[in-house]
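Peer 1: Sharing a structure below in structure tokens format, with a few things to ask.
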Protein chains: 2
Amino acid sequence: MSEERKAVLLLSGGLDSTTLLALARREGFDVHAMTFRYGQRHGSEIDAARAVARRYDVRDHVIVDIDLRTFGGSALTGDAAVPKDRSDDAMTHGIPITYVPARNTIFLSFALAFAEVLEARDIFIGVNALDYSGYPDCRPEYIAAYERMANLATRGGVEGTAPVTIRTPLMMLTKAQIVALGTELGVDYGMTQSCYDPQPDGTACGHCDACQLRRRGFEQAGVPDPTRYV
Amino acid sequence: MSEERKAVLLLSGGLDSTTLLALARREGFDVHAMTFRYGQRHGSEIDAARAVARRYDVRDHVIVDIDLRTFGGSALTGDAAVPKDRSDDAMTHGIPITYVPARNTIFLSFALAFAEVLEARDIFIGVNALDYSGYPDCRPEYIAAYERMANLATRGGVEGTAPVTIRTPLMMLTKAQIVALGTELGVDYGMTQSCYDPQPDGTACGHCDACQLRRRGFEQAGVPDPTRYV
């Protein structure tokens, strides 16, 4: 038996991170998944993450409770209404109200701690610079700066052993390309959840930015959309 | 009334962060303090942080619950014994067991989120490169890399407005210099707590690395040590 390489993977249970997990498993990584319960409106995405983690036979799946509502400041944590039916122009310009301050920085920092304890050198995050151009913490230059900082923050950086790599294989893919990749990898997107404002049972609203981008991704990839919309 | 400049300050209730707070207040910052309850053995330091925050009239004081024990890996979170009576050589070489993986990275990330919501541009952290030379995340090069990343992670970085500054005025001071500075600022060190392994009432063990460094700091500064030791 060959030894698999350990990786920490940030898993939200959405379309992107599920595709990321399928890819990491195909590449032979022994995945330790990490999901955050951060006061988001869409708590049913935790259930989606659990189901996806089981499906992909991860080594372990840690659910971390953090309360970003302490600070306020985002529609995703219940401080403002989730915008619906926004135009393409509105979706791709400016920082949206669904942006959670420093969210990826906080998530990656927990992943870094977990990786250091596990002695894993690889951290996977499903950020994407194309569809979420308004989020500062989804850009390649941000990820590069994070990686550099991470290698100064940890034992490996000091002792000159294992450098940490932040892996973002979805960074430059369109949503349609992500759907096509996942479909090729056999991902069952019916298990995943992307909606910012779902019903308690996980049914998607169909109108928030995430639903619009997701729906269009399936259309453009020519793949049937298994999402349950209201 | 002149308007004070907002700052987020990481406050543990120990000697360093209390001196830091006194300094930030003297420099005219309107301080939003942030303390973490992270599964540390020394929970009584939260009480010390609360008392210190009141004494320095902070704007608000947020206590954030995060469970670093999820990952294990440090004596400070109860996974191993706190080392006692270590030699100078042992204290200043290698990464100690009391190192908590990625702790400052996690703390700074929450501070960054808080700063972004408050539109504060300054984050104070009481790291010190001299007395804690074994901690990778207490070095100037780490802080510089963090600041660079932080400015790519946030709205200010994207919109070209308010860059974030990570302020570390204690970085190059010896413990004796920190004690001397705080004494000049009128700090009551009897309110502060540094011990890694205190009694439930906050009485210090006197023998862990933090107690040894602290005790020597008072001696070398020629300042009476108000700490209650066992």
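Chain labels run A, B, ... following the order of the structure tokens; each chain numbers its residues from 1, and ligands are numbered from 1 in the order shown.
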Counting only C-alpha atoms, which residues in chain A sit no more than 6 Å from chain B? For each one, give the nearest pair of atoms and the distance in Å, sorted by chain then residue number, as a Markdown table.
Peer 2:
| residue | atom | partner | partner_atom | distance |
| --- | --- | --- | --- | --- |
| A:Phe71 | CA | B:Phe114 | CA | 5.7 |
| A:Gly73 | CA | B:Val117 | CA | 5.8 |
| A:Pro101 | CA | B:Ala113 | CA | 4.9 |
| A:Ala102 | CA | B:Ala113 | CA | 4.9 |
| A:Thr105 | CA | B:Ser109 | CA | 5.9 |
| A:Ile106 | CA | B:Ser109 | CA | 5.2 |
| A:Ser109 | CA | B:Ile106 | CA | 5.2 |
| A:Ala113 | CA | B:Ala102 | CA | 4.9 |
| A:Phe114 | CA | B:Phe71 | CA | 5.7 |
| A:Val117 | CA | B:Gly73 | CA | 5.8 |
| A:Pro136 | CA | B:Ala153 | CA | 5.4 |
| A:Asp137 | CA | B:Ala153 | CA | 4.6 |
| A:Tyr142 | CA | B:Leu152 | CA | 5.2 |
| A:Ala145 | CA | B:Met149 | CA | 4.9 |
| A:Tyr146 | CA | B:Met149 | CA | 5.6 |
| A:Met149 | CA | B:Ala145 | CA | 4.9 |
| A:Leu152 | CA | B:Tyr142 | CA | 5.2 |
| A:Ala153 | CA | B:Asp137 | CA | 4.7 |
| A:Thr154 | CA | B:Pro136 | CA | 5.7 |
Peer 1: Run DSSP on the backbone and tell me which residues of chain A come out as alpha helix (DSSP H); list them as a VMD selection string.
Peer 2: chain A and resid 15 to 26 44 to 55 88 to 92 103 to 118 140 to 153 155 to 159 175 to 184 209 to 221
Peer 1: Find the residues near Arg121 (chain B): any atom within 10 Å, counting only C-alpha atoms, skip ones fewer than 2 places away on the same chain, and give them as a PyMOL selection string.
Peer 2: chain B and resi 5-8+112+115-116+118-119+123+156+161-166
Peer 1: Could those selected residues go to a file with C-alpha atoms, as a compact mmCIF listing (two decimals), in the first residue's frame?
Peer 2:
# COMPACT_ATOMS: atom_id res chain seq x y z
CA ARG B 5 -8.24 56.82 16.07
CA LYS B 6 -9.84 53.37 16.34
CA ALA B 7 -7.67 50.34 17.00
CA VAL B 8 -8.23 46.66 17.69
CA LEU B 112 -8.57 41.68 11.12
CA ALA B 115 -11.00 45.88 12.32
CA GLU B 116 -12.67 45.60 8.93
CA LEU B 118 -15.11 48.79 12.67
CA GLU B 119 -13.17 50.43 9.85
CA ILE B 123 -4.18 46.27 15.08
CA GLY B 156 -9.23 48.48 2.07
CA THR B 161 -8.42 53.02 0.94
CA ALA B 162 -7.35 52.38 4.54
CA PRO B 163 -4.38 50.02 4.68
CA VAL B 164 -4.08 47.94 7.86
CA THR B 165 -1.04 48.32 10.10
CA ILE B 166 -0.06 45.57 12.54
Peer 1: Pick out the closest residue to Tyr56 (chain A) from this set: A:Pro226, A:Gly186, A:Pro169, A:Gly202. Count only C-alpha atoms.
Peer 2: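 Going through A:Pro226, A:Gly186, A:Pro169, A:Gly202 one by one, the smallest distance to Tyr56 (chain A) is for A:Gly186.
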Peer 1: Need to verify the contact set: Thr183 (chain A), 10 Å, only C-alpha atoms, exclusion of same-chain residues closer than 5 positions in sequence. Can you return it as a PDB file with C-alpha atoms, in the first residue's frame?
Peer 2:
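What landed in selection-v4.pdb:
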ATOM      1  CA  THR A  19     -15.544  19.362  -6.671  1.00  0.00           C
ATOM      2  CA  GLN A 177     -15.688  24.401 -16.139  1.00  0.00           C
ATOM      3  CA  ILE A 178     -15.997  23.446 -12.456  1.00  0.00           C
ATOM      4  CA  ASP A 188     -23.341  14.003  -7.438  1.00  0.00           C
ATOM      5  CA  TYR A 189     -24.215  17.711  -7.270  1.00  0.00           C
ATOM      6  CA  ALA A 221     -21.713  23.126 -19.060  1.00  0.00           C
ATOM      7  CA  VAL A 223     -25.174  19.317 -17.519  1.00  0.00           C
TER       8      VAL A 223
END
Peer 1: I'd like the contact shell of Met171 (chain B) - 7 Å cut-off, only C-alpha atoms, skipping same-chain residues fewer than 4 positions apart - returned as a PDB file with C-alpha atoms, in the first residue's frame.
Peer 2:
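What ended up in part-v1.pdb:
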ATOM      1  CA  VAL B 127       4.434  39.880  20.407  1.00  0.00           C
ATOM      2  CA  ASN B 128       8.062  39.913  21.401  1.00  0.00           C
ATOM      3  CA  ALA B 129      10.937  38.455  19.436  1.00  0.00           C
TER       4      ALA B 129
END
Peer 1: For Gln193 (chain A), work out the shell of residues within 9 Å, counting only C-alpha atoms and skipping chain neighbours fewer than 4 positions away, then give it as a PyMOL selection string.
Peer 2: chain A and resi 12-15+44-45+48-49+189+198+202-204+227
Peer 1: Residues of region 30-63 of chain B classed as strand (DSSP E) by DSSP on the backbone are to be reported as a PyMOL selection string.
Peer 2: chain B and resi 30-37+60-63
Peer 1: When you look at Val58 (chain B) with a cut-off of 9 Å (counting only C-alpha atoms), what residues show up, excluding the ones that are within fewer than 5 positions of it in the same chain? I need them as a ChimeraX atom specification.
Peer 2: /B:21,25,30-33,53
Peer 1: Nearest to Leu173 (chain A): which of A:Arg228, A:Cys208, A:Leu20, A:Asp47 is it, counting only C-alpha atoms?
Peer 2: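 Using only C-alpha atoms, Leu173 (chain A) sits closest to A:Leu20.
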Peer 1: Mind giving me the straight-line distance from CA of Pro224 (chain A) to CA of Phe36 (chain A) in Å, one decimal?
Peer 2: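 Atom-to-atom, CA of Pro224 (chain A) and CA of Phe36 (chain A) are spaced 29.2 Å apart.
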Peer 1: Check the smallest atom-to-atom distance from each of B:Arg86, B:Arg55, B:Glu219, B:Ser194 to Ala180 (chain B) using only C-alpha atoms, then report the winner.
Peer 2: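 The closest residue to Ala180 (chain B) is B:Glu219.
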Peer 1: Quick one, how far is CA of Leu181 (chain B) from CA of Met34 (chain B)?
Peer 2: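 For CA of Leu181 (chain B) relative to CA of Met34 (chain B), the distance reads 22.2 Å.
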Peer 1: To one decimal place, how far is CA of Arg215 (chain B) from CA of Gln199 (chain B) in Å?
Peer 2: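 Pair CA of Arg215 (chain B) / CA of Gln199 (chain B) returns 17.2 Å.
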